[in-house]
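Printed here is data.cif (mmCIF, N, CA and C atoms):
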```cif
data_query
#
loop_
_atom_site.label_atom_id
_atom_site.label_comp_id
_atom_site.auth_asym_id
_atom_site.auth_seq_id
_atom_site.Cartn_x
_atom_site.Cartn_y
_atom_site.Cartn_z
N MET A 305 78.22 -3.50 126.76
CA MET A 305 77.90 -2.44 127.69
C MET A 305 78.44 -1.12 127.15
N THR A 306 77.66 -0.09 127.27
CA THR A 306 78.09 1.22 126.80
C THR A 306 78.68 2.02 127.97
N SER A 307 79.45 3.03 127.62
CA SER A 307 80.08 3.86 128.64
C SER A 307 79.04 4.73 129.33
N PHE A 308 79.42 5.28 130.48
CA PHE A 308 78.49 6.17 131.17
C PHE A 308 78.64 7.63 130.73
N PHE A 309 79.48 7.89 129.71
CA PHE A 309 79.63 9.24 129.17
C PHE A 309 78.59 9.49 128.07
N ASN A 310 78.17 10.73 127.92
CA ASN A 310 77.24 11.06 126.84
C ASN A 310 77.96 11.83 125.74
N SER A 311 77.22 12.23 124.74
CA SER A 311 77.80 12.87 123.56
C SER A 311 78.42 14.24 123.84
N ASN A 312 78.18 14.82 125.01
CA ASN A 312 78.81 16.11 125.35
C ASN A 312 80.32 16.01 125.42
N LEU A 313 80.85 14.81 125.63
CA LEU A 313 82.29 14.61 125.69
C LEU A 313 82.93 14.60 124.30
N LEU A 314 82.14 14.29 123.28
CA LEU A 314 82.67 14.13 121.93
C LEU A 314 83.47 15.33 121.42
N PRO A 315 82.95 16.57 121.47
CA PRO A 315 83.75 17.69 120.96
C PRO A 315 85.04 17.94 121.74
N ILE A 316 85.04 17.62 123.01
CA ILE A 316 86.24 17.79 123.83
C ILE A 316 87.32 16.83 123.36
N VAL A 317 86.94 15.56 123.17
CA VAL A 317 87.90 14.55 122.73
C VAL A 317 88.32 14.82 121.28
N GLN A 318 87.41 15.28 120.44
CA GLN A 318 87.78 15.62 119.06
C GLN A 318 88.86 16.70 119.05
N THR A 319 88.74 17.68 119.90
CA THR A 319 89.74 18.74 119.99
C THR A 319 91.09 18.18 120.44
N ILE A 320 91.07 17.31 121.44
CA ILE A 320 92.32 16.71 121.93
C ILE A 320 92.99 15.90 120.84
N ILE A 321 92.22 15.10 120.12
CA ILE A 321 92.78 14.29 119.04
C ILE A 321 93.31 15.18 117.92
N SER A 322 92.62 16.26 117.62
CA SER A 322 93.11 17.22 116.61
C SER A 322 94.45 17.82 117.04
N GLU A 323 94.58 18.10 118.33
CA GLU A 323 95.84 18.64 118.85
C GLU A 323 96.97 17.61 118.72
N PHE A 324 96.67 16.34 119.02
CA PHE A 324 97.67 15.28 118.82
C PHE A 324 98.10 15.26 117.36
N LYS A 325 97.12 15.27 116.47
CA LYS A 325 97.39 15.19 115.03
C LYS A 325 98.24 16.38 114.57
N ASN A 326 97.91 17.57 115.05
CA ASN A 326 98.67 18.78 114.68
C ASN A 326 100.12 18.71 115.13
N LYS A 327 100.38 17.96 116.21
CA LYS A 327 101.74 17.77 116.71
C LYS A 327 102.45 16.61 116.01
N GLY A 328 101.76 15.95 115.09
CA GLY A 328 102.34 14.82 114.38
C GLY A 328 102.24 13.51 115.14
N GLU A 329 101.47 13.49 116.21
CA GLU A 329 101.29 12.28 117.01
C GLU A 329 100.11 11.49 116.44
N THR A 330 100.38 10.35 115.85
CA THR A 330 99.31 9.55 115.25
C THR A 330 98.95 8.33 116.09
N ILE A 331 99.77 7.99 117.06
CA ILE A 331 99.53 6.88 117.98
C ILE A 331 99.45 7.46 119.39
N PHE A 332 98.44 7.05 120.15
CA PHE A 332 98.31 7.55 121.52
C PHE A 332 97.63 6.49 122.37
N LEU A 333 97.72 6.67 123.68
CA LEU A 333 97.08 5.78 124.64
C LEU A 333 95.87 6.48 125.27
N THR A 334 94.96 5.70 125.80
CA THR A 334 93.82 6.29 126.50
C THR A 334 94.28 7.24 127.59
N ILE A 335 95.34 6.88 128.31
CA ILE A 335 95.87 7.75 129.37
C ILE A 335 96.28 9.12 128.82
N ASP A 336 96.77 9.16 127.58
CA ASP A 336 97.19 10.43 126.99
C ASP A 336 96.00 11.38 126.82
N VAL A 337 94.85 10.83 126.42
CA VAL A 337 93.66 11.66 126.24
C VAL A 337 93.15 12.14 127.60
N LEU A 338 93.12 11.22 128.57
CA LEU A 338 92.69 11.61 129.91
C LEU A 338 93.59 12.69 130.50
N GLU A 339 94.88 12.54 130.35
CA GLU A 339 95.80 13.54 130.88
C GLU A 339 95.68 14.87 130.14
N ALA A 340 95.41 14.83 128.84
CA ALA A 340 95.22 16.07 128.08
C ALA A 340 93.95 16.79 128.54
N GLN A 341 92.91 16.04 128.88
CA GLN A 341 91.67 16.67 129.30
C GLN A 341 91.70 17.07 130.78
N LEU A 342 92.15 16.16 131.63
CA LEU A 342 92.04 16.38 133.07
C LEU A 342 93.34 16.77 133.77
N GLY A 343 94.46 16.58 133.07
CA GLY A 343 95.75 16.87 133.68
C GLY A 343 96.31 15.71 134.47
N ARG A 344 95.55 14.61 134.56
CA ARG A 344 96.01 13.43 135.30
C ARG A 344 95.16 12.22 134.91
N TYR A 345 95.67 11.07 135.24
CA TYR A 345 94.94 9.82 135.10
C TYR A 345 94.16 9.62 136.38
N VAL A 346 92.97 9.10 136.30
CA VAL A 346 92.11 8.93 137.47
C VAL A 346 92.36 7.57 138.10
N VAL A 347 92.74 7.55 139.35
CA VAL A 347 92.93 6.30 140.08
C VAL A 347 91.65 6.05 140.86
N ASP A 348 90.88 5.04 140.42
CA ASP A 348 89.60 4.82 141.09
C ASP A 348 89.47 3.44 141.74
N ASN A 349 90.38 2.52 141.43
CA ASN A 349 90.42 1.21 142.10
C ASN A 349 89.05 0.57 142.32
N CYS A 350 88.29 0.44 141.25
CA CYS A 350 87.00 -0.22 141.34
C CYS A 350 86.83 -1.13 140.13
N GLU A 351 85.76 -1.90 140.12
CA GLU A 351 85.56 -2.80 139.00
C GLU A 351 85.30 -2.00 137.72
N PRO A 352 85.68 -2.56 136.57
CA PRO A 352 85.63 -1.82 135.30
C PRO A 352 84.30 -1.16 134.96
N LYS A 353 83.17 -1.78 135.32
CA LYS A 353 81.90 -1.16 134.93
C LYS A 353 81.66 0.18 135.63
N PHE A 354 82.36 0.41 136.75
CA PHE A 354 82.23 1.67 137.47
C PHE A 354 83.45 2.59 137.29
N SER A 355 84.48 2.10 136.66
CA SER A 355 85.73 2.83 136.53
C SER A 355 85.63 3.98 135.53
N PHE A 356 86.05 5.16 135.96
CA PHE A 356 86.10 6.32 135.08
C PHE A 356 86.99 6.02 133.88
N ASN A 357 88.18 5.48 134.15
CA ASN A 357 89.15 5.19 133.08
C ASN A 357 88.59 4.18 132.08
N ALA A 358 88.04 3.08 132.57
CA ALA A 358 87.49 2.05 131.69
C ALA A 358 86.35 2.60 130.86
N ASN A 359 85.50 3.40 131.47
CA ASN A 359 84.39 3.99 130.73
C ASN A 359 84.87 5.01 129.70
N TYR A 360 85.95 5.69 129.99
CA TYR A 360 86.53 6.62 129.01
C TYR A 360 87.02 5.83 127.80
N GLY A 361 87.69 4.70 128.05
CA GLY A 361 88.13 3.83 126.96
C GLY A 361 86.95 3.30 126.16
N LYS A 362 85.88 2.92 126.84
CA LYS A 362 84.67 2.46 126.15
C LYS A 362 84.11 3.57 125.27
N PHE A 363 84.12 4.80 125.80
CA PHE A 363 83.64 5.94 125.03
C PHE A 363 84.46 6.10 123.74
N LEU A 364 85.79 6.00 123.85
CA LEU A 364 86.64 6.10 122.66
C LEU A 364 86.27 5.00 121.66
N LYS A 365 86.09 3.78 122.15
CA LYS A 365 85.75 2.65 121.28
C LYS A 365 84.40 2.87 120.61
N GLU A 366 83.41 3.32 121.36
CA GLU A 366 82.07 3.56 120.82
C GLU A 366 82.07 4.66 119.76
N ASN A 367 83.01 5.57 119.86
CA ASN A 367 83.03 6.74 118.96
C ASN A 367 84.22 6.74 118.01
N GLU A 368 84.79 5.57 117.74
CA GLU A 368 85.94 5.47 116.84
C GLU A 368 85.70 6.20 115.52
N ASN A 369 84.56 5.95 114.89
CA ASN A 369 84.30 6.57 113.58
C ASN A 369 84.20 8.08 113.68
N ALA A 370 83.45 8.58 114.65
CA ALA A 370 83.28 10.03 114.81
C ALA A 370 84.59 10.72 115.16
N LEU A 371 85.46 10.01 115.87
CA LEU A 371 86.75 10.58 116.30
C LEU A 371 87.86 10.36 115.28
N GLY A 372 87.63 9.49 114.30
CA GLY A 372 88.66 9.20 113.31
C GLY A 372 89.83 8.44 113.88
N ILE A 373 89.53 7.50 114.79
CA ILE A 373 90.57 6.70 115.44
C ILE A 373 90.24 5.22 115.33
N LYS A 374 91.25 4.38 115.60
CA LYS A 374 91.06 2.94 115.61
C LYS A 374 91.88 2.35 116.75
N GLU A 375 91.24 1.48 117.53
CA GLU A 375 91.96 0.79 118.60
C GLU A 375 92.89 -0.24 117.97
N ILE A 376 94.17 -0.16 118.31
CA ILE A 376 95.14 -1.09 117.70
C ILE A 376 95.72 -2.08 118.70
N GLN A 377 95.54 -1.82 120.00
CA GLN A 377 96.02 -2.77 121.00
C GLN A 377 95.29 -2.52 122.33
N LYS A 378 94.90 -3.61 122.98
CA LYS A 378 94.22 -3.54 124.27
C LYS A 378 95.18 -3.94 125.38
N ASN A 379 94.81 -3.62 126.60
CA ASN A 379 95.50 -4.08 127.81
C ASN A 379 96.99 -3.76 127.86
N ILE A 380 97.33 -2.54 127.51
CA ILE A 380 98.71 -2.07 127.62
C ILE A 380 98.95 -1.66 129.07
N SER A 381 99.98 -2.21 129.69
CA SER A 381 100.32 -1.84 131.06
C SER A 381 100.92 -0.45 131.07
N ILE A 382 100.41 0.39 131.97
CA ILE A 382 100.91 1.77 132.09
C ILE A 382 101.12 2.11 133.56
N THR A 383 101.93 3.12 133.78
CA THR A 383 102.12 3.70 135.10
C THR A 383 101.95 5.20 134.95
N ASP A 384 101.05 5.78 135.74
CA ASP A 384 100.84 7.22 135.62
C ASP A 384 101.97 7.99 136.30
N LYS A 385 101.89 9.31 136.21
CA LYS A 385 102.98 10.13 136.74
C LYS A 385 103.08 10.10 138.26
N TYR A 386 102.10 9.48 138.92
CA TYR A 386 102.14 9.34 140.38
C TYR A 386 102.52 7.93 140.81
N GLY A 387 102.83 7.06 139.82
CA GLY A 387 103.28 5.71 140.13
C GLY A 387 102.19 4.66 140.20
N SER A 388 100.94 5.03 139.91
CA SER A 388 99.84 4.07 139.93
C SER A 388 99.82 3.27 138.63
N SER A 389 99.59 1.96 138.76
CA SER A 389 99.57 1.08 137.60
C SER A 389 98.14 0.81 137.14
N SER A 390 98.01 0.59 135.85
CA SER A 390 96.71 0.28 135.26
C SER A 390 96.96 -0.30 133.87
N THR A 391 95.90 -0.47 133.13
CA THR A 391 96.00 -0.85 131.71
C THR A 391 95.10 0.07 130.90
N CYS A 392 95.43 0.21 129.64
CA CYS A 392 94.60 1.00 128.74
C CYS A 392 94.84 0.52 127.32
N SER A 393 94.17 1.17 126.38
CA SER A 393 94.31 0.81 124.97
C SER A 393 95.22 1.77 124.23
N LYS A 394 95.76 1.27 123.12
CA LYS A 394 96.55 2.08 122.19
C LYS A 394 95.66 2.37 120.99
N TRP A 395 95.70 3.61 120.50
CA TRP A 395 94.85 4.08 119.41
C TRP A 395 95.69 4.66 118.29
N LYS A 396 95.13 4.61 117.10
CA LYS A 396 95.77 5.22 115.93
C LYS A 396 94.80 6.20 115.30
N ILE A 397 95.30 7.38 114.97
CA ILE A 397 94.48 8.35 114.24
C ILE A 397 94.48 7.93 112.78
N ILE A 398 93.29 7.78 112.21
CA ILE A 398 93.19 7.32 110.82
C ILE A 398 92.74 8.43 109.88
#
```

Now that the file is in, can you turn its structure into structure tokens?
Amino acid sequence: MTSFFNSNLLPIVQTIISEFKNKGETIFLTIDVLEAQLGRYVVDNCEPKFSFNANYGKFLKENENALGIKEIQKNISITDKYGSSSTCSKWKII
């Protein structure tokens, strides 16, 4: 299944990843990209096919080559800055 995001998101995420790289950050989580773009993690409490967060992760996976990243670990437990729990992936800039 593909994400519900289109290619318009690609330059935004490329810029965020470039900013991570410029800061010397080569490992990041999906939540880090979401927070860099939106200022927060989205709590949507729905099944993954409808989840904003899950679809954002799918978008990253679908565009690994274009973004110059590689998924290195799935299902990492995280807690956002508001105390909500979820899981996301860990990525490496290549």

message: Measuring between only N, CA and C atoms, which one of A:Phe309, A:Tyr345, A:Phe332, A:Phe354 shows the shortest distance to Ser393 in chain A?
response: A:Phe332

Evaluate the PyMOL selection byres ((chain A and resi 398) around 5) on the structure here and hand back the selected residues as an mmCIF file with N, CA and C atoms, keeping the file's coordinate frame.
```
data_model
loop_
_atom_site.group_PDB
_atom_site.id
_atom_site.type_symbol
_atom_site.label_atom_id
_atom_site.label_comp_id
_atom_site.auth_asym_id
_atom_site.auth_seq_id
_atom_site.Cartn_x
_atom_site.Cartn_y
_atom_site.Cartn_z
ATOM 1 N N GLY A 372 87.630 9.490 114.300
ATOM 2 C CA GLY A 372 88.660 9.200 113.310
ATOM 3 C C GLY A 372 89.830 8.440 113.880
ATOM 4 N N ILE A 373 89.530 7.500 114.790
ATOM 5 C CA ILE A 373 90.570 6.700 115.440
ATOM 6 C C ILE A 373 90.240 5.220 115.330
ATOM 7 N N LYS A 396 95.130 4.610 117.100
ATOM 8 C CA LYS A 396 95.770 5.220 115.930
ATOM 9 C C LYS A 396 94.800 6.200 115.300
ATOM 10 N N ILE A 397 95.300 7.380 114.970
ATOM 11 C CA ILE A 397 94.480 8.350 114.240
ATOM 12 C C ILE A 397 94.480 7.930 112.780
#
```

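Note that CA of Leu313 in chain A and atom N of Gln377 in chain A are 21.9 Å apart.
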
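Here CA of Glu368 in chain A is placed at a distance of 28.8 Å from CA of Tyr386 in chain A.
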
message: Could you list, as number ranges by chain, every residue matched by the PyMOL selection byres (((chain A and resi 391 and name CA) around 7) and name CA) in this structure?
response: A: 379-382, 390, 392

field: Two-atom distance - CA of Ile331 in chain A, CA of Phe308 in chain A (Å)
entry: 24.8 Å

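Of the listed residues A:Ser389, A:Thr383, A:Gln318, A:Ser307, the one whose atoms come nearest to Tyr360 in chain A is A:Ser307, with distances taken using all atoms listed in the file.
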
task: Write out as JSON, numbers by chain all residues of chain A that DSSP puts in helix (DSSP H, G or I) for this structure's backbone.
output: {"A": [311, 312, 313, 314, 315, 316, 317, 318, 319, 320, 321, 322, 323, 324, 325, 326, 334, 335, 336, 337, 338, 339, 340, 341, 342, 356, 357, 358, 359, 360, 361, 362, 363, 364, 365, 366, 368, 369, 370, 371]}

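Secondary structure of chain A, strand (DSSP E or B) only (DSSP, backbone atoms): Ile331, Phe332, Leu333, Ile373, Lys374, Glu375, Ile376, Gln377, Lys378, Asn379, Ile380, Ser381, Ile382, Thr383, Ser389, Ser390, Thr391, Cys392, Ser393, Lys394, Trp395, Lys396 and Ile397 of chain A.
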
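Closest approach to Lys374 in chain A from the set A:Ser322, A:Thr306, A:Ser311, A:Thr330 is made by A:Thr330, with distances taken over only C-alpha atoms.
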
Find the spatial neighbours of Leu371 in chain A, counting only C-alpha atoms, within a cut-off of 8 Å - ignore same-chain residues fewer than 4 positions away - and output them as a compact mmCIF listing (two decimals) with N, CA and C atoms, in the coordinates of the input.
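Once everything was written out, this is result_24.txt:
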```txt
# COMPACT_ATOMS: atom_id res chain seq x y z
N LEU A 314 82.14 14.29 123.28
CA LEU A 314 82.67 14.13 121.93
C LEU A 314 83.47 15.33 121.42
N VAL A 317 86.94 15.56 123.17
CA VAL A 317 87.90 14.55 122.73
C VAL A 317 88.32 14.82 121.28
N GLN A 318 87.41 15.28 120.44
CA GLN A 318 87.78 15.62 119.06
C GLN A 318 88.86 16.70 119.05
N ILE A 321 92.22 15.10 120.12
CA ILE A 321 92.78 14.29 119.04
C ILE A 321 93.31 15.18 117.92
N LEU A 364 85.79 6.00 123.85
CA LEU A 364 86.64 6.10 122.66
C LEU A 364 86.27 5.00 121.66
N ASN A 367 83.01 5.57 119.86
CA ASN A 367 83.03 6.74 118.96
C ASN A 367 84.22 6.74 118.01
```

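Closest approach to Ile320 in chain A among A:Gln341, A:Asn359, A:Thr334, A:Ser388: A:Gln341, based on all atoms listed in the file.
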
Find the axis-aligned box for range 326-340 of chain A, covering all its listed atoms and adding 8 Å on each side, and write its centre and edge lengths in Å to one decimal as JSON.
```
{"center_x": 97.6, "center_y": 12.2, "center_z": 122.6, "size_x": 25.8, "size_y": 29.1, "size_z": 32.5}
```
